[in-house]
Amino acid sequence: MIESEDNPKPEGRVARRQRRNRTALITAARDIMAEKGVDAATMLEIAEHADVGAGTVYNYFKSKDELAIAVLESLMHELGRRIEMVTDTFDDPAQVYAFGIRTVLDTATTDPRWEQMLHRAEVIADAMYRTIGPFAIRDLKNAVSAGRFRESDPAMIWRLTAHTIIGASLAVTGGELPSDSKVQIVARLLCMAGSDGESAEELAARPLPELPPAPSE
């Protein structure tokens, strides 16, 4: 029988166990790194918390840094879903994108689990591009189709935006930029996406609806 998306091959027992172990390790690392920080957390206590063998963790992650990136990617994907729950109620496609990048910027500068990884700027920006990209690129395309942004290359714009968000977040958390500069940062990112200056400033300054809580909160 030929496999298809409508008729996928059943997941085997080994694959199920591997998926469960990887998920358990990421969940355990989220808990411990949130409590103790990335530097203080150890692979041994993460393995114990996940109820897997001490050596098993290295079958899935080569280093603590690699596991920390996986944790952050899970947080990023979760944030994308939470943003989507809010923006699904918006009528303006440009506001959907603006709310998304402002919320990502706010999270990167206020959530300790993000902040402690910002020094790995290039790696984190790439993780953001890949993980939040499907949401952001879709929203950019919708805004262009609605005539709210000028025609552009959404994938390239989002890659540049991801790197800018991380760089700006480092500047804010390091005290090089004031926290109240976020509106101006977002406005400039909207201009890069194809909005005119006046519209970008208006969009960036709109009130921010509250996000729904994360499933783990």
# chains A, B, ... in the order shown; residues from 1 in each chain; ligands from 1

$ closest_atom_pairs --of "range 105-139 of chain A" --to "range 173-187 of chain A" --cutoff "10 Å" --atoms "only C-alpha atoms" --output "CSV"
residue,atom,partner,partner_atom,distance
A:Leu105,CA,A:Lys182,CA,7.6
A:Asp106,CA,A:Lys182,CA,8.0
A:Ala108,CA,A:Thr173,CA,9.0
A:Thr109,CA,A:Thr173,CA,6.0
A:Thr110,CA,A:Thr173,CA,8.3
A:Glu115,CA,A:Thr173,CA,7.7
A:Leu118,CA,A:Thr173,CA,9.2

$ write_last_selection --atoms "N, CA and C atoms" --output "compact mmCIF listing (two decimals), in the first residue's frame"
# COMPACT_ATOMS: atom_id res chain seq x y z
N LEU A 105 8.77 40.37 20.87
CA LEU A 105 9.75 41.29 21.46
C LEU A 105 9.55 41.42 22.96
N ASP A 106 8.30 41.59 23.38
CA ASP A 106 8.01 41.70 24.81
C ASP A 106 8.44 40.43 25.56
N ALA A 108 10.70 38.16 24.68
CA ALA A 108 12.15 38.00 24.67
C ALA A 108 12.83 38.88 25.71
N THR A 109 12.19 40.00 26.08
CA THR A 109 12.81 40.92 27.02
C THR A 109 12.28 40.80 28.45
N THR A 110 11.29 39.95 28.66
CA THR A 110 10.72 39.83 30.01
C THR A 110 10.69 38.41 30.55
N GLU A 115 15.44 35.31 28.11
CA GLU A 115 16.53 36.24 28.37
C GLU A 115 17.87 35.54 28.56
N LEU A 118 19.67 34.79 25.24
CA LEU A 118 19.86 35.84 24.24
C LEU A 118 21.32 35.99 23.81

$ closest_atom_pairs --of "range 56-130 of chain A" --to "range 135-154 of chain A" --cutoff "12 Å" --atoms "only C-alpha atoms" --output "Markdown table"
| residue | atom | partner | partner_atom | distance |
| --- | --- | --- | --- | --- |
| A:Met76 | CA | A:Phe135 | CA | 10.9 |
| A:His77 | CA | A:Phe135 | CA | 9.3 |
| A:Glu78 | CA | A:Phe135 | CA | 11.4 |
| A:Leu79 | CA | A:Phe135 | CA | 10.4 |
| A:Gly80 | CA | A:Phe135 | CA | 6.7 |
| A:Arg81 | CA | A:Phe135 | CA | 8.5 |
| A:Arg82 | CA | A:Phe135 | CA | 11.1 |
| A:Ile83 | CA | A:Phe135 | CA | 9.2 |
| A:Glu84 | CA | A:Phe135 | CA | 8.0 |
| A:Met85 | CA | A:Phe135 | CA | 11.8 |
| A:Thr87 | CA | A:Asp139 | CA | 9.8 |
| A:Asp88 | CA | A:Asp139 | CA | 10.9 |
| A:Phe90 | CA | A:Asp139 | CA | 11.7 |
| A:Asp91 | CA | A:Ala146 | CA | 10.8 |
| A:Asp92 | CA | A:Ala143 | CA | 8.0 |
| A:Pro93 | CA | A:Ala143 | CA | 4.8 |
| A:Ala94 | CA | A:Ala143 | CA | 5.2 |
| A:Gln95 | CA | A:Ala143 | CA | 8.6 |
| A:Val96 | CA | A:Asp139 | CA | 6.7 |
| A:Tyr97 | CA | A:Asp139 | CA | 5.6 |
| A:Ala98 | CA | A:Asp139 | CA | 9.4 |
| A:Phe99 | CA | A:Ala136 | CA | 10.4 |
| A:Gly100 | CA | A:Ala136 | CA | 7.4 |
| A:Ile101 | CA | A:Ala136 | CA | 8.1 |
| A:Arg102 | CA | A:Ala136 | CA | 11.8 |
| A:Thr103 | CA | A:Ala136 | CA | 11.9 |
| A:Val104 | CA | A:Ala136 | CA | 10.7 |
| A:Met128 | CA | A:Ala136 | CA | 10.2 |
| A:Tyr129 | CA | A:Ala136 | CA | 8.9 |
| A:Arg130 | CA | A:Phe135 | CA | 9.9 |

$ write_last_selection --atoms "N, CA and C atoms" --output "mmCIF file, in the first residue's frame"
data_model
loop_
_atom_site.group_PDB
_atom_site.id
_atom_site.type_symbol
_atom_site.label_atom_id
_atom_site.label_comp_id
_atom_site.auth_asym_id
_atom_site.auth_seq_id
_atom_site.Cartn_x
_atom_site.Cartn_y
_atom_site.Cartn_z
ATOM 1 N N MET A 76 8.765 28.941 21.915
ATOM 2 C CA MET A 76 8.440 29.786 20.765
ATOM 3 C C MET A 76 7.202 29.275 20.036
ATOM 4 N N HIS A 77 7.139 27.975 19.822
ATOM 5 C CA HIS A 77 5.976 27.411 19.131
ATOM 6 C C HIS A 77 4.711 27.615 19.959
ATOM 7 N N GLU A 78 4.846 27.425 21.256
ATOM 8 C CA GLU A 78 3.714 27.647 22.158
ATOM 9 C C GLU A 78 3.266 29.101 22.102
ATOM 10 N N LEU A 79 4.236 30.033 22.061
ATOM 11 C CA LEU A 79 3.897 31.451 21.976
ATOM 12 C C LEU A 79 3.184 31.750 20.663
ATOM 13 N N GLY A 80 3.648 31.162 19.568
ATOM 14 C CA GLY A 80 2.983 31.362 18.280
ATOM 15 C C GLY A 80 1.524 30.949 18.325
ATOM 16 N N ARG A 81 1.243 29.830 18.976
ATOM 17 C CA ARG A 81 -0.145 29.370 19.103
ATOM 18 C C ARG A 81 -0.970 30.320 19.962
ATOM 19 N N ARG A 82 -0.374 30.833 21.040
ATOM 20 C CA ARG A 82 -1.101 31.756 21.920
ATOM 21 C C ARG A 82 -1.384 33.077 21.208
ATOM 22 N N ILE A 83 -0.411 33.559 20.437
ATOM 23 C CA ILE A 83 -0.628 34.774 19.647
ATOM 24 C C ILE A 83 -1.772 34.555 18.662
ATOM 25 N N GLU A 84 -1.788 33.397 18.039
ATOM 26 C CA GLU A 84 -2.814 33.072 17.057
ATOM 27 C C GLU A 84 -4.209 33.096 17.672
ATOM 28 N N MET A 85 -4.315 32.668 18.926
ATOM 29 C CA MET A 85 -5.612 32.670 19.601
ATOM 30 C C MET A 85 -6.155 34.088 19.753
ATOM 31 N N THR A 87 -5.002 36.859 17.705
ATOM 32 C CA THR A 87 -5.105 37.520 16.396
ATOM 33 C C THR A 87 -6.204 36.942 15.524
ATOM 34 N N ASP A 88 -6.682 35.763 15.839
ATOM 35 C CA ASP A 88 -7.817 35.210 15.097
ATOM 36 C C ASP A 88 -9.065 36.082 15.244
ATOM 37 N N PHE A 90 -8.862 39.465 15.121
ATOM 38 C CA PHE A 90 -8.592 40.754 14.482
ATOM 39 C C PHE A 90 -9.152 40.777 13.060
ATOM 40 N N ASP A 91 -9.590 41.947 12.638
ATOM 41 C CA ASP A 91 -10.053 42.125 11.261
ATOM 42 C C ASP A 91 -8.948 42.639 10.335
ATOM 43 N N ASP A 92 -7.956 43.316 10.910
ATOM 44 C CA ASP A 92 -6.906 43.954 10.119
ATOM 45 C C ASP A 92 -5.683 43.038 10.033
ATOM 46 N N PRO A 93 -5.329 42.521 8.856
ATOM 47 C CA PRO A 93 -4.165 41.635 8.727
ATOM 48 C C PRO A 93 -2.859 42.294 9.163
ATOM 49 N N ALA A 94 -2.748 43.610 8.988
ATOM 50 C CA ALA A 94 -1.538 44.305 9.417
ATOM 51 C C ALA A 94 -1.415 44.292 10.940
ATOM 52 N N GLN A 95 -2.550 44.402 11.630
ATOM 53 C CA GLN A 95 -2.527 44.354 13.091
ATOM 54 C C GLN A 95 -2.137 42.963 13.580
ATOM 55 N N VAL A 96 -2.526 41.952 12.843
ATOM 56 C CA VAL A 96 -2.149 40.577 13.206
ATOM 57 C C VAL A 96 -0.628 40.460 13.260
ATOM 58 N N TYR A 97 0.030 40.929 12.205
ATOM 59 C CA TYR A 97 1.491 40.839 12.149
ATOM 60 C C TYR A 97 2.138 41.739 13.198
ATOM 61 N N ALA A 98 1.627 42.955 13.350
ATOM 62 C CA ALA A 98 2.196 43.898 14.310
ATOM 63 C C ALA A 98 2.092 43.361 15.733
ATOM 64 N N PHE A 99 0.935 42.805 16.078
ATOM 65 C CA PHE A 99 0.756 42.239 17.415
ATOM 66 C C PHE A 99 1.729 41.090 17.636
ATOM 67 N N GLY A 100 1.927 40.284 16.607
ATOM 68 C CA GLY A 100 2.823 39.141 16.738
ATOM 69 C C GLY A 100 4.244 39.555 17.046
ATOM 70 N N ILE A 101 4.795 40.496 16.261
ATOM 71 C CA ILE A 101 6.196 40.860 16.495
ATOM 72 C C ILE A 101 6.362 41.633 17.797
ATOM 73 N N ARG A 102 5.354 42.434 18.181
ATOM 74 C CA ARG A 102 5.450 43.140 19.466
ATOM 75 C C ARG A 102 5.423 42.142 20.620
ATOM 76 N N THR A 103 4.592 41.120 20.520
ATOM 77 C CA THR A 103 4.500 40.137 21.594
ATOM 78 C C THR A 103 5.770 39.313 21.693
ATOM 79 N N VAL A 104 6.357 38.966 20.565
ATOM 80 C CA VAL A 104 7.633 38.234 20.588
ATOM 81 C C VAL A 104 8.714 39.107 21.231
ATOM 82 N N MET A 128 14.161 31.186 16.029
ATOM 83 C CA MET A 128 12.960 31.996 15.889
ATOM 84 C C MET A 128 12.471 32.015 14.448
ATOM 85 N N TYR A 129 13.414 32.149 13.523
ATOM 86 C CA TYR A 129 13.047 32.160 12.107
ATOM 87 C C TYR A 129 12.312 30.870 11.742
ATOM 88 N N ARG A 130 12.817 29.735 12.197
ATOM 89 C CA ARG A 130 12.242 28.443 11.827
ATOM 90 C C ARG A 130 10.943 28.153 12.577
#

$ residues_around --residues "range 19-23 of chain A" --least-positions-apart "4" --cutoff "12 Å" --atoms "only C-alpha atoms" --output "tab-separated table (two decimals) with C-alpha atoms, in the first residue's frame"
chain	number	residue	atom	x	y	z
A	11	GLU	CA	4.07	4.86	14.49
A	12	GLY	CA	6.08	1.92	15.81
A	13	ARG	CA	6.76	1.15	19.45
A	14	VAL	CA	10.38	2.32	19.29
A	15	ALA	CA	9.39	5.59	17.64
A	27	THR	CA	9.51	19.25	29.67
A	28	ALA	CA	11.92	18.43	32.50
A	29	ALA	CA	14.48	20.89	31.16
A	30	ARG	CA	11.83	23.62	30.94
A	46	ILE	CA	17.09	16.81	33.98
A	47	ALA	CA	17.33	13.08	33.15
A	48	GLU	CA	16.18	12.14	36.65
A	49	HIS	CA	13.27	14.59	36.46
A	50	ALA	CA	12.29	13.08	33.10
A	51	ASP	CA	12.62	9.57	34.57
A	52	VAL	CA	15.10	8.40	31.95
A	53	GLY	CA	18.60	6.98	32.34
A	56	THR	CA	19.84	8.40	27.63
A	57	VAL	CA	19.67	12.19	27.43
A	58	TYR	CA	22.72	12.20	25.15
A	59	ASN	CA	20.91	9.97	22.68
A	60	TYR	CA	18.62	12.92	22.00
A	61	PHE	CA	20.72	16.02	22.76
A	67	LEU	CA	18.65	20.88	24.92
A	70	ALA	CA	15.00	22.71	22.07
A	71	VAL	CA	13.32	24.12	25.19
A	74	SER	CA	9.04	24.63	22.32

$ select_by_dssp --residues "range 11-45 of chain A" --states "alpha helix (DSSP H)" --output "count of residues only"
27

$ closest_residue --among "A:His163, A:Ile132, A:Arg16, A:Ile124" --to "Leu72 in chain A" --atoms "only C-alpha atoms"
A:Ile124
